[in-house]
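Content type mmCIF, C-alpha atoms and all ligand atoms, from the file data-v5.cif:
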data_upload
#
loop_
_atom_site.label_atom_id
_atom_site.label_comp_id
_atom_site.auth_asym_id
_atom_site.auth_seq_id
_atom_site.Cartn_x
_atom_site.Cartn_y
_atom_site.Cartn_z
CA MET G 273 107.53 79.51 86.23
CA ARG G 274 109.06 82.75 84.93
CA ARG G 275 106.98 85.78 85.74
CA LEU G 276 107.44 89.56 86.10
CA THR G 277 104.80 91.27 88.26
CA TYR G 278 104.36 95.04 88.70
CA LEU G 279 103.88 96.03 92.35
CA GLY G 280 103.32 99.76 91.75
CA HIS G 281 105.69 102.76 91.57
CA SER G 282 109.13 101.23 90.67
CA ALA G 283 108.57 97.92 92.45
CA PHE G 284 108.62 94.62 90.57
CA PHE G 285 108.66 90.97 91.58
CA ILE G 286 110.31 88.35 89.42
CA GLU G 287 109.63 84.67 89.99
CA LYS G 288 111.91 82.09 88.43
CA ASP G 289 111.11 78.58 89.61
CA TRP G 290 111.86 78.65 93.36
CA ASP G 291 113.52 82.05 93.43
CA GLY G 292 111.79 85.36 94.06
CA ILE G 293 113.53 88.63 93.26
CA LEU G 294 112.09 91.92 94.47
CA ILE G 295 113.17 95.20 92.90
CA ASP G 296 112.70 98.53 94.75
CA PRO G 297 110.03 97.17 97.16
CA PHE G 298 108.13 100.35 98.10
CA ILE G 299 105.06 98.51 99.46
CA SER G 300 103.85 99.55 102.93
CA GLY G 301 104.44 103.25 102.17
CA ASN G 302 102.49 103.09 98.91
CA PRO G 303 98.70 103.03 99.37
CA LEU G 304 98.38 101.83 95.75
CA ALA G 305 100.49 98.71 96.40
CA ASP G 306 99.04 95.41 97.61
CA PHE G 307 101.68 92.72 98.01
CA ASP G 308 102.10 90.30 100.92
CA TYR G 309 105.73 89.18 100.83
CA LYS G 310 104.98 86.61 103.55
CA LYS G 311 102.99 84.60 101.00
CA LYS G 312 105.91 84.46 98.56
CA ARG G 313 109.41 83.10 98.63
CA ILE G 314 111.82 86.05 98.48
CA THR G 315 115.47 85.23 97.78
CA GLN G 316 116.98 88.56 96.67
CA ILE G 317 115.99 92.22 96.97
CA ILE G 318 117.57 94.57 94.45
CA VAL G 319 117.57 98.25 95.44
CA THR G 320 118.57 100.87 92.84
CA HIS G 321 119.18 103.75 95.29
CA ALA G 322 118.59 104.97 98.84
CA HIS G 323 115.47 107.12 98.33
CA LEU G 324 112.70 105.77 100.50
CA ASP G 325 110.32 105.20 97.56
CA HIS G 326 112.88 102.60 96.35
CA LEU G 327 114.52 101.22 99.51
CA GLY G 328 110.95 100.88 100.77
CA ASP G 329 110.48 97.76 102.93
CA ALA G 330 113.74 96.13 101.81
CA ILE G 331 115.35 96.09 105.27
CA ASP G 332 112.27 94.68 107.04
CA ILE G 333 111.72 92.05 104.35
CA SER G 334 115.36 90.98 104.54
CA LYS G 335 115.22 90.70 108.33
CA ASP G 336 111.96 88.72 108.15
CA THR G 337 112.77 86.35 105.32
CA GLY G 338 116.58 86.19 105.16
CA ALA G 339 116.50 87.51 101.60
CA VAL G 340 119.71 89.28 100.60
CA ILE G 341 119.63 92.93 99.57
CA ILE G 342 121.80 93.77 96.58
CA ALA G 343 122.71 97.43 96.34
CA VAL G 344 125.60 99.81 95.78
CA PHE G 345 128.28 99.44 98.49
CA GLU G 346 127.37 102.47 100.68
CA LEU G 347 123.67 101.63 100.67
CA ALA G 348 124.36 97.92 101.28
CA ASN G 349 126.48 98.81 104.33
CA TYR G 350 123.65 100.98 105.66
CA CYS G 351 121.25 98.01 105.27
CA ILE G 352 123.70 95.74 107.12
CA SER G 353 123.96 98.33 109.93
CA LYS G 354 120.15 98.07 110.26
CA GLY G 355 120.30 94.28 110.65
CA ALA G 356 119.57 93.23 107.06
CA LYS G 357 121.62 90.84 104.92
CA ALA G 358 123.20 92.70 102.01
CA ILE G 359 125.79 92.45 99.27
CA GLY G 360 127.46 95.70 98.22
CA VAL G 361 128.46 96.05 94.59
CA ASN G 362 129.19 99.13 92.52
CA ILE G 363 128.37 100.45 89.08
CA GLY G 364 129.63 97.93 86.52
CA GLY G 365 129.49 95.02 88.94
CA LYS G 366 127.62 91.81 88.11
CA LEU G 367 126.45 89.00 90.39
CA ASN G 368 125.43 85.51 89.28
CA PHE G 369 122.63 83.44 90.82
CA ASN G 370 120.74 80.21 90.05
CA TRP G 371 118.23 82.25 88.07
CA GLY G 372 120.72 84.32 86.05
CA SER G 373 122.47 87.58 86.88
CA VAL G 374 122.10 91.20 87.87
CA LYS G 375 124.44 93.94 86.72
CA PHE G 376 124.54 97.44 88.18
CA LEU G 377 124.70 100.20 85.57
CA PRO G 378 124.65 104.02 85.71
CA ALA G 379 121.68 106.29 86.40
CA VAL G 380 121.66 110.08 86.47
CA HIS G 381 120.07 110.66 89.87
CA SER G 382 120.97 111.00 93.58
CA SER G 383 121.01 108.43 96.40
CA ALA G 384 120.47 109.38 100.04
CA ASN G 385 117.79 109.37 102.72
CA PRO G 386 117.24 111.13 106.07
CA GLU G 387 119.47 108.54 107.83
CA LEU G 388 122.01 108.09 105.04
CA PRO G 389 123.52 111.36 103.77
CA TYR G 390 125.48 109.57 101.01
CA GLY G 391 124.22 106.31 99.54
CA GLY G 392 126.83 106.06 96.79
CA PRO G 393 125.78 106.55 93.17
CA ALA G 394 122.23 105.80 92.04
CA ALA G 395 122.00 102.77 89.75
CA SER G 396 119.96 101.18 87.03
CA VAL G 397 120.01 97.39 86.81
CA LEU G 398 120.20 94.81 84.05
CA LEU G 399 118.77 91.39 84.85
CA ASP G 400 119.36 88.25 82.84
CA ILE G 401 116.61 85.86 83.89
CA ASP G 402 117.78 82.62 82.32
CA GLY G 403 118.29 84.37 78.96
CA THR G 404 115.53 87.00 79.14
CA ILE G 405 117.17 90.42 79.45
CA ILE G 406 115.30 93.00 81.52
CA TYR G 407 116.59 96.55 82.02
CA HIS G 408 115.14 98.46 85.02
CA ALA G 409 116.30 102.08 84.76
CA GLY G 410 115.71 102.99 88.41
CA ASP G 411 115.25 106.76 88.74
CA THR G 412 117.15 108.58 86.03
CA ALA G 413 117.23 111.45 83.58
CA LEU G 414 117.64 110.83 79.87
CA MET G 415 121.30 109.87 79.42
CA PRO G 416 123.62 108.85 76.57
CA ASP G 417 124.39 105.55 78.35
CA PHE G 418 121.05 104.21 77.09
CA SER G 419 122.56 103.80 73.59
CA LEU G 420 125.49 101.81 74.96
CA ILE G 421 123.19 99.69 77.12
CA GLY G 422 121.05 98.92 74.07
CA GLU G 423 124.04 98.03 71.88
CA GLN G 424 125.90 96.06 74.50
CA TYR G 425 123.09 94.13 76.23
CA ASN G 426 120.13 94.22 73.82
CA PRO G 427 117.39 94.11 76.50
CA TYR G 428 114.04 92.60 75.56
CA TYR G 429 112.18 94.59 78.22
CA ALA G 430 113.01 98.19 79.18
CA ILE G 431 111.32 99.36 82.39
CA LEU G 432 111.47 103.16 82.38
CA PRO G 433 110.37 105.97 84.73
CA ILE G 434 107.94 108.35 82.99
CA GLY G 435 106.57 110.60 85.75
CA GLY G 436 108.89 113.59 85.27
CA TYR G 437 109.86 115.92 88.13
CA TYR G 438 112.39 113.48 89.67
CA THR G 439 113.07 111.47 86.51
CA MET G 440 112.40 111.39 82.77
CA ASP G 441 108.94 112.39 81.56
CA ILE G 442 107.03 110.59 78.80
CA GLU G 443 108.85 112.38 75.96
CA ASP G 444 112.32 111.69 77.39
CA ALA G 445 111.38 108.11 78.24
CA ALA G 446 110.21 107.54 74.64
CA VAL G 447 113.63 108.73 73.42
CA ALA G 448 115.28 106.42 75.98
CA ALA G 449 113.19 103.49 74.74
CA LYS G 450 114.32 104.15 71.19
CA MET G 451 118.00 104.38 72.27
CA ILE G 452 117.78 101.11 74.22
CA TYR G 453 115.74 99.61 71.42
CA ALA G 454 113.93 97.16 73.65
CA MET G 455 111.12 95.10 72.12
CA GLU G 456 108.74 95.88 74.97
CA VAL G 457 108.62 98.97 77.17
CA ILE G 458 107.09 98.99 80.65
CA PRO G 459 106.42 102.41 82.24
CA MET G 460 106.95 103.00 85.98
CA HIS G 461 107.36 105.79 88.55
CA TYR G 462 104.19 107.69 87.64
CA ASN G 463 100.85 108.61 89.26
CA THR G 464 102.02 107.54 92.75
CA PHE G 465 102.29 111.18 93.88
CA PRO G 466 100.62 114.34 92.48
CA ASN G 467 103.93 115.70 91.12
CA ILE G 468 104.63 112.60 88.99
CA LYS G 469 101.31 112.39 87.15
CA ALA G 470 101.79 111.17 83.60
CA ASP G 471 99.59 110.48 80.60
CA VAL G 472 100.35 106.79 80.14
CA GLN G 473 98.09 106.54 77.06
CA LYS G 474 100.16 109.25 75.38
CA PHE G 475 103.35 107.37 76.34
CA ASN G 476 101.87 104.21 74.87
CA ASP G 477 101.17 106.07 71.60
CA LEU G 478 104.70 107.53 71.43
CA ILE G 479 106.23 104.06 71.94
CA GLU G 480 103.98 102.40 69.36
CA ALA G 481 104.64 105.20 66.85
CA GLN G 482 108.32 104.27 66.96
CA GLY G 483 107.58 100.58 66.35
CA GLN G 484 107.95 99.27 69.88
CA LYS G 485 105.40 97.60 72.12
CA CYS G 486 104.27 99.38 75.29
CA LEU G 487 103.08 97.34 78.28
CA PRO G 488 101.50 99.67 80.87
CA LEU G 489 101.02 97.10 83.65
CA LYS G 490 98.43 97.68 86.35
CA VAL G 491 99.38 96.99 89.96
CA ASN G 492 99.76 93.22 90.44
CA GLU G 493 99.48 92.59 86.71
CA TYR G 494 102.21 90.30 85.36
CA VAL G 495 103.82 89.06 82.19
CA GLU G 496 105.16 85.56 81.64
CA LEU G 497 108.82 85.85 80.71
NI NI D 1 114.86 108.58 93.60
MN MN D 2 111.89 107.65 93.06
#
How does the structure come out when it is put into structure tokens?
Amino acid sequence: MRRLTYLGHSAFFIEKDWDGILIDPFISGNPLADFDYKKKRITQIIVTHAHLDHLGDAIDISKDTGAVIIAVFELANYCISKGAKAIGVNIGGKLNFNWGSVKFLPAVHSSANPELPYGGPAASVLLDIDGTIIYHAGDTALMPDFSLIGEQYNPYYAILPIGGYYTMDIEDAAVAAKMIYAMEVIPMHYNTFPNIKADVQKFNDLIEAQGQKCLPLKVNEYVEL
């Protein structure tokens, strides 16, 4: 089984055979999310930055299941200080697992929370799930790195924030999609809060007009990888 499921906001769950990889698990704090991690096998939890709508339930899930949090060094150390298991990498670093690899790449954003004044740099992440390349941009502004990421890693899926206010809006995210030149584009980080409302149909049209496929997943909807 190779499956990518949208859990709302920026949260995704990837299943690859017996492994389960959570990304930015903002579950209990998101009334739109409905995911019971106790019914799944969770092996790794990837966290792009320290904001609470991304760190989410990562620490509790790690403590409950033994899953390892993977985050930038400063944020990983904070998770360890809270009793979680964590591996601290930094931008440019790559880790290999049974299912493939995760590489931490830049994002133009901040990373802190009320208990962690400095969480290190915010990240985006590139996952290689047994040959399927998925780029999750985390929270970020439009940045020139997208061209390099597209050229260097050629992602099949680009998962991009479109809500504006804290990140790219639909117009910037459409430019990002073109720069990355992913085959399929999955929008995230919109409609969770009033200030990140986005017209996902309009985003879909922008993406299709530039010859790419848009996949606006509903909460708990998945694609087979
Ligand atoms: Ni953020
Ligand atoms: Mn966010």
With all atoms listed in the file as the atoms that count, which of G:Lys311, G:Lys335, G:Lys469, G:His281 lies nearest to ligand MN 2 (chain D)?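 That would be G:His281, the residue with the smallest distance to ligand MN 2 (chain D).
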Between G:Leu324, G:Ile359, G:Ala348, G:Ala330, which has the minimum distance to ligand NI 1 (chain D) (counting only C-alpha atoms and all ligand atoms)?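 Nearest to ligand NI 1 (chain D): G:Leu324.
Comparing G:Ala395, G:Tyr494, G:Pro303, G:Ile405 by their smallest distance to Arg275 of chain G, the closest is G:Tyr494 (using all atoms listed in the file).
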Closest to Ile286 of chain G among G:Glu346, G:Asp402, G:Asp332, G:Asp441, using only C-alpha atoms? G:Asp402
Got a sec: who's within 12 Å of Asn302 of chain G, counting all atoms listed in the file, leaving out chain neighbours fewer than 4 positions off, as JSON, numbers by chain? {"G": [279, 280, 281, 282, 283, 296, 297, 298, 306, 307, 324, 325, 326, 328, 329, 461, 463, 464, 465, 491]}
Export of prior selection with C-alpha atoms as a PDB file, keeping the file's coordinate frame:
ATOM      1  CA  LEU G 279     103.880  96.030  92.350  1.00  0.00           C
ATOM      2  CA  GLY G 280     103.320  99.760  91.750  1.00  0.00           C
ATOM      3  CA  HIS G 281     105.690 102.760  91.570  1.00  0.00           C
ATOM      4  CA  SER G 282     109.130 101.230  90.670  1.00  0.00           C
ATOM      5  CA  ALA G 283     108.570  97.920  92.450  1.00  0.00           C
ATOM      6  CA  ASP G 296     112.700  98.530  94.750  1.00  0.00           C
ATOM      7  CA  PRO G 297     110.030  97.170  97.160  1.00  0.00           C
ATOM      8  CA  PHE G 298     108.130 100.350  98.100  1.00  0.00           C
ATOM      9  CA  ASP G 306      99.040  95.410  97.610  1.00  0.00           C
ATOM     10  CA  PHE G 307     101.680  92.720  98.010  1.00  0.00           C
ATOM     11  CA  LEU G 324     112.700 105.770 100.500  1.00  0.00           C
ATOM     12  CA  ASP G 325     110.320 105.200  97.560  1.00  0.00           C
ATOM     13  CA  HIS G 326     112.880 102.600  96.350  1.00  0.00           C
ATOM     14  CA  GLY G 328     110.950 100.880 100.770  1.00  0.00           C
ATOM     15  CA  ASP G 329     110.480  97.760 102.930  1.00  0.00           C
ATOM     16  CA  HIS G 461     107.360 105.790  88.550  1.00  0.00           C
ATOM     17  CA  ASN G 463     100.850 108.610  89.260  1.00  0.00           C
ATOM     18  CA  THR G 464     102.020 107.540  92.750  1.00  0.00           C
ATOM     19  CA  PHE G 465     102.290 111.180  93.880  1.00  0.00           C
ATOM     20  CA  VAL G 491      99.380  96.990  89.960  1.00  0.00           C
TER      21      VAL G 491
END
Between atom CA of Ile318 of chain G and atom CA of Ile468 of chain G, what is the spacing in Å?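 Answer for the atom CA of Ile468 of chain G to atom CA of Ile318 of chain G separation: 22.9 Å.
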Against ligand NI 1 (chain D), which residues of chain G fall within 8 Å? For each one I want the closest pair of atoms and the distance in Å (one decimal), counting all atoms listed in the file, rows by chain and increasing residue number, as a tab-separated table.
residue	atom	partner	partner_atom	distance
G:His321	CA	D:NI1	NI	6.7
G:Ala322	CA	D:NI1	NI	7.4
G:His323	CA	D:NI1	NI	5.0
G:Leu324	CA	D:NI1	NI	7.8
G:Asp325	CA	D:NI1	NI	6.9
G:His326	CA	D:NI1	NI	6.9
G:His381	CA	D:NI1	NI	6.7
G:Ser382	CA	D:NI1	NI	6.6
G:Ser383	CA	D:NI1	NI	6.8
G:Gly410	CA	D:NI1	NI	7.7
G:Asp411	CA	D:NI1	NI	5.2
G:Thr412	CA	D:NI1	NI	7.9
G:Tyr438	CA	D:NI1	NI	6.7
G:Thr439	CA	D:NI1	NI	7.9
Using only C-alpha atoms, determine which residues lie at most 8 Å from Ile317 of chain G, disregarding the query and same-chain residues fewer than 4 positions distant; provide the list as a PyMOL selection string. chain G and resi 293-297+330+334+339-342
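Taking only C-alpha atoms, the non-local environment of Arg313 of chain G within 9 Å (same-chain residues fewer than 2 positions away omitted) comprises Glu287, Trp290, Asp291, Gly292, Ile293, Tyr309, Lys310, Lys311, Thr315, Thr337 and Ala339 of chain G.
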Taking (106.9, 79.4, 85.5) in the file's coordinates, which residues come within 9 Å, counting only C-alpha atoms, written as number ranges by chain? G: 273-275, 287-289, 496-497
At a cut-off of 9 Å, using all atoms listed in the file, what residues contact Gln482 of chain G? Leave out same-chain residues fewer than 5 positions from it and give the result as a CSV table (one decimal) with C-alpha atoms, keeping the file's coordinate frame.
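File result_15.csv, as written:
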chain,number,residue,atom,x,y,z
G,446,ALA,CA,110.2,107.5,74.6
G,450,LYS,CA,114.3,104.2,71.2
G,477,ASP,CA,101.2,106.1,71.6
G:Gly392, G:Pro416, G:Pro427, G:Gly365: which is nearest Tyr350 of chain G, counting all atoms listed in the file? G:Gly392
How many Å lie between atom CA of Ala430 of chain G and atom CA of Leu399 of chain G, rounded to one decimal? 10.6 Å
Just need the box for segment 280-297 of chain G, edges along x, y and z, holding every atom the file lists for it with 3 Å tacked onto each side, so centre and edge lengths in Å to one decimal, as AutoDock Vina command-line options.
--center_x 108.4 --center_y 90.7 --center_z 92.8 --size_x 16.2 --size_y 30.2 --size_z 14.7
Contacts of Val472 of chain G at 9 Å or less, counting all atoms listed in the file, minus same-chain residues fewer than 6 places along, as a list in words? Ile434, Ile442, Pro459, Tyr462 and Pro488 of chain G
Store the residues of this selection in a file with C-alpha atoms, as a CSV table (one decimal), in the coordinates of the input.
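Below you can see result.csv, which holds the result:
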chain,number,residue,atom,x,y,z
G,434,ILE,CA,107.9,108.4,83.0
G,442,ILE,CA,107.0,110.6,78.8
G,459,PRO,CA,106.4,102.4,82.2
G,462,TYR,CA,104.2,107.7,87.6
G,488,PRO,CA,101.5,99.7,80.9
Considering all atoms listed in the file, can you say which of G:Lys490, G:Ala409, G:Ile452, G:Ile331 comes closest to Val397 of chain G?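 Between G:Lys490, G:Ala409, G:Ile452, G:Ile331, the residue approaching Val397 of chain G most closely is G:Ala409.
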Computed interatomic separation between atom CA of Phe376 of chain G and atom CA of Ile421 of chain G (Å):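 Distance reported for this atom pair: 11.4 Å.
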